Every structure is written in C-alpha cells, then in structure tokens.
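For reference, work-v6.cif is printed below; it contains mmCIF, C-alpha atoms.
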```cif
data_target
loop_
_atom_site.label_atom_id
_atom_site.label_comp_id
_atom_site.auth_asym_id
_atom_site.auth_seq_id
_atom_site.Cartn_x
_atom_site.Cartn_y
_atom_site.Cartn_z
CA MET A 27 -27.53 30.31 101.23
CA HIS A 28 -27.57 34.09 101.64
CA GLN A 29 -29.17 35.90 98.71
CA ASN A 30 -26.22 38.24 98.43
CA ILE A 31 -22.83 39.09 99.89
CA ASP A 32 -24.03 42.32 101.50
CA SER A 33 -26.69 40.60 103.61
CA LEU A 34 -24.16 37.99 104.78
CA PHE A 35 -21.54 40.56 105.80
CA THR A 36 -24.16 42.79 107.44
CA ALA A 37 -25.33 39.86 109.59
CA MET A 38 -21.73 38.92 110.41
CA TRP A 39 -20.92 42.53 111.32
CA GLN A 40 -23.91 42.79 113.67
CA ASP A 41 -22.82 39.61 115.47
CA TYR A 42 -19.19 40.78 115.55
CA VAL A 43 -20.06 44.16 117.11
CA ARG A 44 -21.95 42.38 119.88
CA MET A 45 -18.76 40.46 120.65
CA THR A 46 -16.49 43.48 120.10
CA PRO A 47 -18.04 46.61 121.65
CA SER A 48 -14.90 48.65 120.91
CA ALA A 49 -15.36 48.08 117.14
CA ALA A 50 -18.18 50.63 117.05
CA LYS A 51 -15.92 53.18 118.77
CA VAL A 52 -13.05 52.47 116.36
CA ARG A 53 -15.35 52.76 113.38
CA GLU A 54 -16.66 56.10 114.66
CA LEU A 55 -13.11 57.40 115.18
CA LEU A 56 -11.95 56.48 111.68
CA ALA A 57 -15.16 57.08 109.74
CA LYS A 58 -15.26 60.81 110.47
CA ASP A 59 -13.94 61.51 106.98
CA GLY A 60 -16.03 59.00 105.05
CA GLU A 61 -16.96 55.39 104.54
CA ILE A 62 -15.09 52.43 106.04
CA ILE A 63 -14.26 49.70 103.53
CA ASN A 64 -13.78 46.19 104.93
CA ASP A 65 -10.53 44.64 103.61
CA HIS A 66 -11.20 41.13 104.93
CA ILE A 67 -12.76 39.06 107.67
CA ALA A 68 -11.32 35.96 109.32
CA LEU A 69 -12.96 32.76 110.56
CA ARG A 70 -11.58 29.91 112.64
CA THR A 71 -12.48 26.21 112.68
CA PHE A 72 -11.22 22.69 113.47
CA ASN A 73 -9.99 20.46 110.64
CA LEU A 74 -12.59 17.76 111.35
CA PRO A 75 -14.70 16.72 108.31
CA LYS A 76 -18.03 18.03 109.64
CA VAL A 77 -16.77 21.59 110.24
CA GLY A 78 -13.47 21.78 108.32
CA LEU A 79 -12.28 24.71 106.23
CA PRO A 80 -14.08 23.53 103.02
CA VAL A 81 -17.41 23.47 104.90
CA LEU A 82 -17.07 27.15 105.86
CA ALA A 83 -15.69 28.06 102.43
CA ALA A 84 -18.74 26.54 100.71
CA HIS A 85 -20.90 29.40 102.04
CA PHE A 86 -18.65 31.94 100.31
CA GLU A 87 -18.12 29.86 97.17
CA ALA A 88 -21.90 29.82 96.68
CA LEU A 89 -21.63 33.62 96.44
CA GLY A 90 -18.86 33.53 93.84
CA TYR A 91 -15.74 33.46 96.04
CA ARG A 92 -12.73 31.41 94.92
CA ALA A 93 -9.65 30.13 96.79
CA ALA A 94 -6.67 32.43 96.16
CA GLY A 95 -3.87 31.53 98.59
CA ASP A 96 -2.66 28.81 101.01
CA TYR A 97 -0.88 29.40 104.32
CA GLU A 98 0.68 27.30 107.06
CA PHE A 99 1.41 28.23 110.67
CA LYS A 100 3.61 25.42 111.98
CA GLN A 101 4.04 26.72 115.52
CA LYS A 102 0.31 27.26 116.04
CA LYS A 103 -0.51 24.04 114.12
CA LEU A 104 -2.85 25.76 111.69
CA LYS A 105 -3.53 25.78 107.99
CA ALA A 106 -5.39 28.57 106.21
CA LYS A 107 -6.70 29.71 102.84
CA HIS A 108 -7.90 33.06 101.65
CA TYR A 109 -10.77 33.59 99.24
CA GLU A 110 -11.48 36.43 96.85
CA HIS A 111 -14.54 37.55 94.94
CA PRO A 112 -14.33 38.50 91.21
CA ASP A 113 -15.64 41.91 92.31
CA PRO A 114 -12.51 43.41 93.97
CA THR A 115 -14.65 45.77 96.10
CA GLN A 116 -15.95 42.77 98.08
CA PRO A 117 -14.04 41.83 101.25
CA LYS A 118 -11.51 39.02 101.13
CA VAL A 119 -12.12 36.04 103.43
CA PHE A 120 -9.39 34.35 105.49
CA ILE A 121 -10.32 30.92 106.91
CA SER A 122 -7.98 28.97 109.19
CA GLU A 123 -8.34 25.51 110.72
CA LEU A 124 -6.64 23.85 113.68
CA LEU A 125 -4.74 20.65 112.83
CA VAL A 126 -6.38 18.76 115.68
CA GLU A 127 -4.42 15.51 115.16
CA GLN A 128 -1.17 17.32 116.09
CA PHE A 129 -2.37 17.90 119.67
CA SER A 130 -2.69 15.73 122.80
CA PRO A 131 -5.18 12.83 122.84
CA TRP A 132 -7.14 14.82 125.46
CA LEU A 133 -7.53 17.84 123.16
CA GLN A 134 -8.41 15.61 120.20
CA GLN A 135 -11.09 13.85 122.24
CA THR A 136 -12.44 17.11 123.70
CA VAL A 137 -12.71 18.81 120.29
CA ALA A 138 -14.32 15.71 118.76
CA GLY A 139 -16.89 15.85 121.57
CA LEU A 140 -17.67 19.51 120.82
CA VAL A 141 -17.99 18.96 117.07
CA GLU A 142 -20.25 15.94 117.66
CA GLN A 143 -22.85 18.39 118.97
CA VAL A 144 -22.97 20.25 115.61
CA THR A 145 -25.58 18.89 113.18
CA GLU A 146 -25.43 18.71 109.38
CA ALA A 147 -28.37 21.14 109.34
CA ASP A 148 -26.32 23.60 111.44
CA VAL A 149 -23.40 23.78 109.01
CA THR A 150 -25.54 24.27 105.90
CA ASP A 151 -27.78 26.88 107.53
CA ASP A 152 -27.49 30.38 106.05
CA ALA A 153 -26.62 31.73 109.48
CA PHE A 154 -23.87 29.21 110.29
CA LEU A 155 -21.02 31.71 109.76
CA TYR A 156 -22.34 33.88 112.60
CA SER A 157 -24.10 31.22 114.69
CA GLY A 158 -21.59 31.11 117.55
CA ARG A 159 -21.17 28.08 119.79
CA HIS A 160 -23.10 24.86 119.16
CA TRP A 161 -21.95 22.97 122.25
CA GLN A 162 -21.84 22.96 126.02
CA LEU A 163 -18.51 24.07 127.51
CA ASP A 164 -17.44 24.44 131.13
CA PHE A 165 -14.79 26.92 132.20
CA SER A 166 -12.23 24.35 133.36
CA THR A 167 -12.29 22.72 129.90
CA TYR A 168 -11.77 26.18 128.36
CA GLU A 169 -8.77 26.76 130.67
CA GLN A 170 -7.31 23.34 129.88
CA LEU A 171 -7.68 24.00 126.13
CA LEU A 172 -6.05 27.41 126.66
CA ALA A 173 -3.00 25.76 128.22
CA GLU A 174 -2.51 23.75 125.01
CA SER A 175 -3.83 26.03 122.26
CA GLU A 176 -5.14 29.58 122.60
CA TYR A 177 -6.84 29.12 119.20
CA ALA A 178 -8.67 25.95 120.32
CA ALA A 179 -9.86 27.66 123.52
CA TRP A 180 -11.13 30.72 121.64
CA LEU A 181 -12.99 28.58 119.11
CA ALA A 182 -14.47 26.39 121.85
CA ALA A 183 -15.72 29.49 123.70
CA PHE A 184 -17.00 31.53 120.72
CA GLY A 185 -17.74 29.05 117.94
CA TYR A 186 -18.55 30.21 114.44
CA ARG A 187 -18.36 33.96 113.87
CA ALA A 188 -15.98 36.55 112.45
CA ASN A 189 -12.87 36.64 114.58
CA HIS A 190 -12.11 40.09 113.16
CA PHE A 191 -13.10 42.63 110.53
CA THR A 192 -10.41 44.77 108.89
CA VAL A 193 -10.36 48.46 107.99
CA SER A 194 -8.83 49.07 104.55
CA ILE A 195 -6.48 52.00 105.17
CA ASN A 196 -6.18 52.40 101.38
CA HIS A 197 -9.82 53.52 101.33
CA LEU A 198 -9.71 55.70 104.46
CA GLU A 199 -10.06 59.39 103.84
CA GLY A 200 -7.65 61.49 105.83
CA TYR A 201 -5.08 58.71 106.45
CA ASP A 202 -2.10 57.82 104.26
CA THR A 203 -0.10 55.71 106.69
CA ILE A 204 -0.70 52.92 109.18
CA VAL A 205 1.24 54.96 111.77
CA ALA A 206 -1.34 57.77 111.57
CA VAL A 207 -4.18 55.25 112.07
CA ASN A 208 -2.42 53.64 115.04
CA ASP A 209 -1.74 57.05 116.60
CA THR A 210 -5.43 58.03 116.36
CA LEU A 211 -6.45 54.77 118.04
CA LYS A 212 -3.88 54.97 120.83
CA HIS A 213 -4.78 58.60 121.48
CA ALA A 214 -8.37 57.40 122.04
CA GLY A 215 -7.18 54.79 124.54
CA ILE A 216 -7.45 51.75 122.25
CA VAL A 217 -4.87 49.07 123.10
CA LEU A 218 -2.98 47.69 120.09
CA ASN A 219 -1.41 44.26 119.63
CA ASN A 220 2.37 44.71 119.88
CA ALA A 221 3.40 41.07 119.26
CA GLY A 222 6.25 41.32 116.80
CA GLY A 223 5.89 45.11 116.85
CA GLU A 224 2.84 47.31 116.50
CA ILE A 225 3.09 47.24 112.69
CA LYS A 226 3.33 43.80 111.12
CA GLY A 227 4.81 43.60 107.62
CA SER A 228 6.34 46.36 105.51
CA PRO A 229 6.16 47.99 102.08
CA ALA A 230 8.72 45.35 100.98
CA VAL A 231 6.13 42.55 101.47
CA MET A 232 3.43 44.88 100.09
CA LEU A 233 1.26 44.69 103.21
CA GLU A 234 1.30 46.46 106.57
CA GLN A 235 -1.11 45.40 109.31
CA SER A 236 -1.94 46.33 112.88
CA SER A 237 -4.75 45.31 115.20
CA THR A 238 -6.42 46.04 118.50
CA MET A 239 -6.15 43.58 121.36
CA ALA A 240 -9.41 41.65 121.70
CA ASP A 241 -12.16 43.09 123.88
CA HIS A 242 -12.89 41.19 127.10
CA ILE A 243 -16.55 40.26 127.38
CA PRO A 244 -18.62 38.09 129.75
CA VAL A 245 -19.23 34.62 128.32
CA ALA A 246 -21.68 32.04 129.67
CA PHE A 247 -20.10 28.67 130.43
CA SER A 248 -22.09 25.69 131.68
CA ASP A 249 -20.72 26.34 135.19
CA GLY A 250 -21.17 30.13 135.26
CA GLY A 251 -20.03 33.31 133.54
CA HIS A 252 -16.43 34.42 132.98
CA THR A 253 -14.91 37.42 131.23
CA ILE A 254 -12.51 36.38 128.45
CA PRO A 255 -10.96 37.88 125.27
CA SER A 256 -13.40 37.91 122.34
CA CYS A 257 -12.74 39.53 118.94
CA PHE A 258 -10.55 42.34 117.64
CA TYR A 259 -10.33 44.91 114.83
CA GLU A 260 -7.56 44.89 112.24
CA PHE A 261 -6.15 47.60 109.95
CA ALA A 262 -4.47 46.86 106.63
CA LEU A 263 -2.51 48.99 104.17
CA ARG A 264 -1.80 47.31 100.83
CA TYR A 265 0.95 48.38 98.43
CA PRO A 266 0.88 48.30 94.61
CA GLN A 267 2.50 45.39 92.78
CA ALA A 268 4.65 45.74 89.65
CA ASP A 269 1.51 45.90 87.47
CA GLY A 270 0.09 48.77 89.55
CA THR A 271 -2.69 46.74 91.22
CA LEU A 272 -2.77 46.45 95.00
CA TYR A 273 -1.37 43.26 96.54
CA ARG A 274 -4.32 41.07 97.55
CA GLY A 275 -2.71 38.24 99.51
CA PHE A 276 -1.57 37.77 103.10
CA VAL A 277 1.85 37.44 104.73
CA GLU A 278 2.27 34.37 106.96
CA ALA A 279 4.77 35.96 109.36
CA SER A 280 2.43 38.91 109.93
CA ALA A 281 -0.75 36.84 110.19
CA ASP A 282 0.99 34.67 112.78
CA LYS A 283 1.36 37.72 115.04
CA ILE A 284 -2.18 38.97 114.30
CA PHE A 285 -3.48 35.69 115.80
CA GLU A 286 -1.98 36.90 119.10
CA SER A 287 -4.69 39.59 119.32
CA THR A 288 -7.01 37.16 121.12
CA ASN A 289 -4.35 35.89 123.50
CA ALA A 290 -5.32 36.50 127.14
CA ARG A 291 -1.76 35.82 128.23
CA ARG A 292 -0.19 38.70 126.31
#
```
Can you turn what I pasted into structure tokens?
Amino acid sequence: MHQNIDSLFTAMWQDYVRMTPSAAKVRELLAKDGEIINDHIALRTFNLPKVGLPVLAAHFEALGYRAAGDYEFKQKKLKAKHYEHPDPTQPKVFISELLVEQFSPWLQQTVAGLVEQVTEADVTDDAFLYSGRHWQLDFSTYEQLLAESEYAAWLAAFGYRANHFTVSINHLEGYDTIVAVNDTLKHAGIVLNNAGGEIKGSPAVMLEQSSTMADHIPVAFSDGGHTIPSCFYEFALRYPQADGTLYRGFVEASADKIFESTNARR
C-alpha cells in the first residue's frame, strides 16, 4: 500500500492529467491567486467480487479513510459510497460501481470477460487505483457497451483511474461563488456540462457543483485508435451546516448529472 495519502494522490493526479490535458489549463486559470485544494476524486468499477467497490475502498481504508455515505442511482444502475479521512484537509473519495446483473446477458458476459483478465496481484498492487485498463477491448465492443451503458463503456475503455478531480471553491482565493468560477472557465473557452443546468445543487442542499465536459483523447483499441471522451474536472462549493462546519456529503440528484460529463452523446 502507498506509504502516505500524498504520494497516492500525486500519482493519481499525474495519471489523470495525462488523460485530461485541459485539467492543467484549468488549474493554471484558477490557481493564479493561490493553491488549489482537491475536494474529492471519483472512481468507477463493476460490482463483481474481484474488482467491486470494497476492493477499491481497501486501498483508501489502509490509509485511514472510512465510509461516510451511501448513494443509489437507479436510472444508471449504480451504487456508490463516499469515504472521508479523519484529517478534513484530505480529499474525500467517491467510489461507484455498476450493478452488472441489471443489464443484458451480453453486457454481463462481456464485463465478466474483461474482469477475468484482472489478476489478484493487480488489485492489491499499490498502483491499482491509477493502473488503467487490464484487458483487451475492440472498438465495436466499446460502441455496443456505449449503447447500453455509457458508464460501462467508459470503464471498459479507461479502466482504473480517477474519473475526475474536484476544485474546492471554498479554498479558492479570489472566488466566492460558483458562477464566478464558471464564468472564468467559459471565458477561457472551457466547455461546461449543462445537464440539468450548469450549476447542480443549491445552497438549500448545502452543495453546488459544476464540471467541464470530458476531454476527447486518442485511445488504443485492439483494432486501432479512436478518439473518445476521457476524464473531466469538477468544481464544488460547500455550505455550512447548522453547527457551522461545511457539509461533507454528496447530493444524489446532482451527482447523477455530473456523471453525464463523460457522455459522448451530449
């Protein structure tokens, strides 16, 4: 396991920036006035025993993280949990898993075939959380998965890595509102996810979020290269709870729309 949280997140960030070239530009735009604090990262997986949510979570639990919230996305057929560290300055971790058994026999069989190619040594390796794809995949299988589940297709193409990092607007110098952040990004030509509106959530639910649309990058498939949506950058503004501390959870209705950031069809 990683010696410390910082080395894990640094390695995940380096992998993420390779997948998300615009992230470096966004960071540069917003970091002019100081440091960027990462609110949370998100990971995706299939709910099969070898690679299920608990398997990914174990890497974080070894570093002191604990489960803090459960979520369900019925339409997308996903379940998720978020994890927090006792040190509140450490990023939160949001892990979701696809409920494979709720899909067609073809998808179930295809996903089982992909996961079969992952070894026990792979999942316990320090680098598993940013190791990418562990299987062969041809483009027509990707397209067929996409027709049934955008999430399954993304995971099949990109494997194990941060799907997004998140700028904590609360810690950004020079910005008090999510609108101001969004305006800066749009002015610089960054395309935002407008599913369910540009801003997801509200002060009433104690969390406002926005995100870029995923970058399109060339990906190698077993039958040649294709350019497809990769990862995106999120922005979160948290509001204080009754006791004065910032809300630390997630809002299902908003997260549901954030998932759309990787959707090629939007």
Open item on the list: Under the PyMOL selection byres ((chain A and resi 77) around 12), which residues of this model are included? Write them out as a PyMOL selection string.
Closed with: chain A and resi 69-76+78-84+121-124+137-138+140-150+154-155+160+181+185-186
Emit the selected residues as a PDB file, in the coordinates of the input, including C-alpha atoms.
```pdb
ATOM      1  CA  LEU A  69     -12.960  32.760 110.560  1.00  0.00           C
ATOM      2  CA  ARG A  70     -11.580  29.910 112.640  1.00  0.00           C
ATOM      3  CA  THR A  71     -12.480  26.210 112.680  1.00  0.00           C
ATOM      4  CA  PHE A  72     -11.220  22.690 113.470  1.00  0.00           C
ATOM      5  CA  ASN A  73      -9.990  20.460 110.640  1.00  0.00           C
ATOM      6  CA  LEU A  74     -12.590  17.760 111.350  1.00  0.00           C
ATOM      7  CA  PRO A  75     -14.700  16.720 108.310  1.00  0.00           C
ATOM      8  CA  LYS A  76     -18.030  18.030 109.640  1.00  0.00           C
ATOM      9  CA  GLY A  78     -13.470  21.780 108.320  1.00  0.00           C
ATOM     10  CA  LEU A  79     -12.280  24.710 106.230  1.00  0.00           C
ATOM     11  CA  PRO A  80     -14.080  23.530 103.020  1.00  0.00           C
ATOM     12  CA  VAL A  81     -17.410  23.470 104.900  1.00  0.00           C
ATOM     13  CA  LEU A  82     -17.070  27.150 105.860  1.00  0.00           C
ATOM     14  CA  ALA A  83     -15.690  28.060 102.430  1.00  0.00           C
ATOM     15  CA  ALA A  84     -18.740  26.540 100.710  1.00  0.00           C
ATOM     16  CA  ILE A 121     -10.320  30.920 106.910  1.00  0.00           C
ATOM     17  CA  SER A 122      -7.980  28.970 109.190  1.00  0.00           C
ATOM     18  CA  GLU A 123      -8.340  25.510 110.720  1.00  0.00           C
ATOM     19  CA  LEU A 124      -6.640  23.850 113.680  1.00  0.00           C
ATOM     20  CA  VAL A 137     -12.710  18.810 120.290  1.00  0.00           C
ATOM     21  CA  ALA A 138     -14.320  15.710 118.760  1.00  0.00           C
ATOM     22  CA  LEU A 140     -17.670  19.510 120.820  1.00  0.00           C
ATOM     23  CA  VAL A 141     -17.990  18.960 117.070  1.00  0.00           C
ATOM     24  CA  GLU A 142     -20.250  15.940 117.660  1.00  0.00           C
ATOM     25  CA  GLN A 143     -22.850  18.390 118.970  1.00  0.00           C
ATOM     26  CA  VAL A 144     -22.970  20.250 115.610  1.00  0.00           C
ATOM     27  CA  THR A 145     -25.580  18.890 113.180  1.00  0.00           C
ATOM     28  CA  GLU A 146     -25.430  18.710 109.380  1.00  0.00           C
ATOM     29  CA  ALA A 147     -28.370  21.140 109.340  1.00  0.00           C
ATOM     30  CA  ASP A 148     -26.320  23.600 111.440  1.00  0.00           C
ATOM     31  CA  VAL A 149     -23.400  23.780 109.010  1.00  0.00           C
ATOM     32  CA  THR A 150     -25.540  24.270 105.900  1.00  0.00           C
ATOM     33  CA  PHE A 154     -23.870  29.210 110.290  1.00  0.00           C
ATOM     34  CA  LEU A 155     -21.020  31.710 109.760  1.00  0.00           C
ATOM     35  CA  HIS A 160     -23.100  24.860 119.160  1.00  0.00           C
ATOM     36  CA  LEU A 181     -12.990  28.580 119.110  1.00  0.00           C
ATOM     37  CA  GLY A 185     -17.740  29.050 117.940  1.00  0.00           C
ATOM     38  CA  TYR A 186     -18.550  30.210 114.440  1.00  0.00           C
TER      39      TYR A 186
END
```
Open item on the list: Applying the PyMOL selection byres ((chain A and resi 215) around 12) to the file I just gave you, which residues come out? Please list them as a PyMOL selection string.
Closed with: chain A and resi 48+51-52+55+208-214+216-218+238-239
TODO: Run the PyMOL selection byres ((chain A and resi 235) around 7) against the file shown and list the residues it catches, as an NGL selection string.
DONE: :A and (225-227 or 233-234 or 236-237 or 261-263)
Produce a table with one row for each residue of stretch 210-266 of chain A that has an atom at most 12 Å from any atom of stretch 30-45 of chain A, each row naming the nearest atom pair and its distance in Å at one decimal; use all atoms listed in the file; arrange rows by chain and rising residue number; format as a Markdown table.
```
| residue | atom | partner | partner_atom | distance |
| --- | --- | --- | --- | --- |
| A:Ala240 | CA | A:Met45 | CA | 9.5 |
| A:Asp241 | CA | A:Met45 | CA | 7.8 |
| A:His242 | CA | A:Met45 | CA | 8.8 |
| A:Ile243 | CA | A:Met45 | CA | 7.1 |
| A:Pro244 | CA | A:Met45 | CA | 9.4 |
| A:Val245 | CA | A:Met45 | CA | 9.7 |
| A:Thr253 | CA | A:Met45 | CA | 11.7 |
| A:Ile254 | CA | A:Met45 | CA | 10.8 |
| A:Pro255 | CA | A:Met45 | CA | 9.4 |
| A:Ser256 | CA | A:Met45 | CA | 6.2 |
| A:Cys257 | CA | A:Met45 | CA | 6.3 |
| A:Phe258 | CA | A:Met45 | CA | 8.9 |
| A:Tyr259 | CA | A:Tyr42 | CA | 9.8 |
```
Emit the selected residues as an mmCIF file, in the frame of the given file, including C-alpha atoms.
```cif
data_model
loop_
_atom_site.group_PDB
_atom_site.id
_atom_site.type_symbol
_atom_site.label_atom_id
_atom_site.label_comp_id
_atom_site.auth_asym_id
_atom_site.auth_seq_id
_atom_site.Cartn_x
_atom_site.Cartn_y
_atom_site.Cartn_z
ATOM 1 C CA ALA A 240 -9.410 41.650 121.700
ATOM 2 C CA ASP A 241 -12.160 43.090 123.880
ATOM 3 C CA HIS A 242 -12.890 41.190 127.100
ATOM 4 C CA ILE A 243 -16.550 40.260 127.380
ATOM 5 C CA PRO A 244 -18.620 38.090 129.750
ATOM 6 C CA VAL A 245 -19.230 34.620 128.320
ATOM 7 C CA THR A 253 -14.910 37.420 131.230
ATOM 8 C CA ILE A 254 -12.510 36.380 128.450
ATOM 9 C CA PRO A 255 -10.960 37.880 125.270
ATOM 10 C CA SER A 256 -13.400 37.910 122.340
ATOM 11 C CA CYS A 257 -12.740 39.530 118.940
ATOM 12 C CA PHE A 258 -10.550 42.340 117.640
ATOM 13 C CA TYR A 259 -10.330 44.910 114.830
#
```
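Among the candidate residues A:Ala178, A:Ala188, A:Tyr109, A:Arg264, the one lying nearest to A:Tyr156 is A:Ala188, with distances computed using only C-alpha atoms.
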TODO: For atom CA of A:Gly251 and atom CA of A:Gln134, quote the distance in Å rounded to one decimal.
DONE: 25.0 Å
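The interatomic distance for the pair atom CA of A:Gln128 and atom CA of A:Lys103 works out to 7.0 Å.
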Open item on the list: Report, in Å to a single decimal, how far apart atom CA of A:Ala153 and atom CA of A:Arg187 are.
Closed with: 9.6 Å
Open item on the list: If we count all atoms listed in the file and set the cut-off at 10 Å, which residues sit around A:Ile195, ignoring sequence neighbours fewer than 2 positions away in its own chain? Please answer as a list in words.
Closed with: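 Selected residues are Leu56, Ile62, Ile63, Asn64, Asp65, Thr192, Val193, His197, Leu198, Glu199, Gly200, Tyr201, Asp202, Thr203, Ile204, Val207, Glu234, Gln235, Phe261, Ala262, Leu263 and Arg264 of chain A.
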Open item on the list: Just want the 10 Å neighbourhood of stretch 168-174 of chain A, counted on all atoms listed in the file, with same-chain residues fewer than 5 positions away dropped. Output as a PyMOL selection string.
Closed with: chain A and resi 129-130+132-133+136-137+163+179-183+247+289-291
Task: Contacts of A:Arg274 within 10 Å, all atoms listed in the file, excl. fewer than 5 positions in-chain, as a ChimeraX atom specification - done: /A:65,94-95,108,110,114,118,232-233,264-267
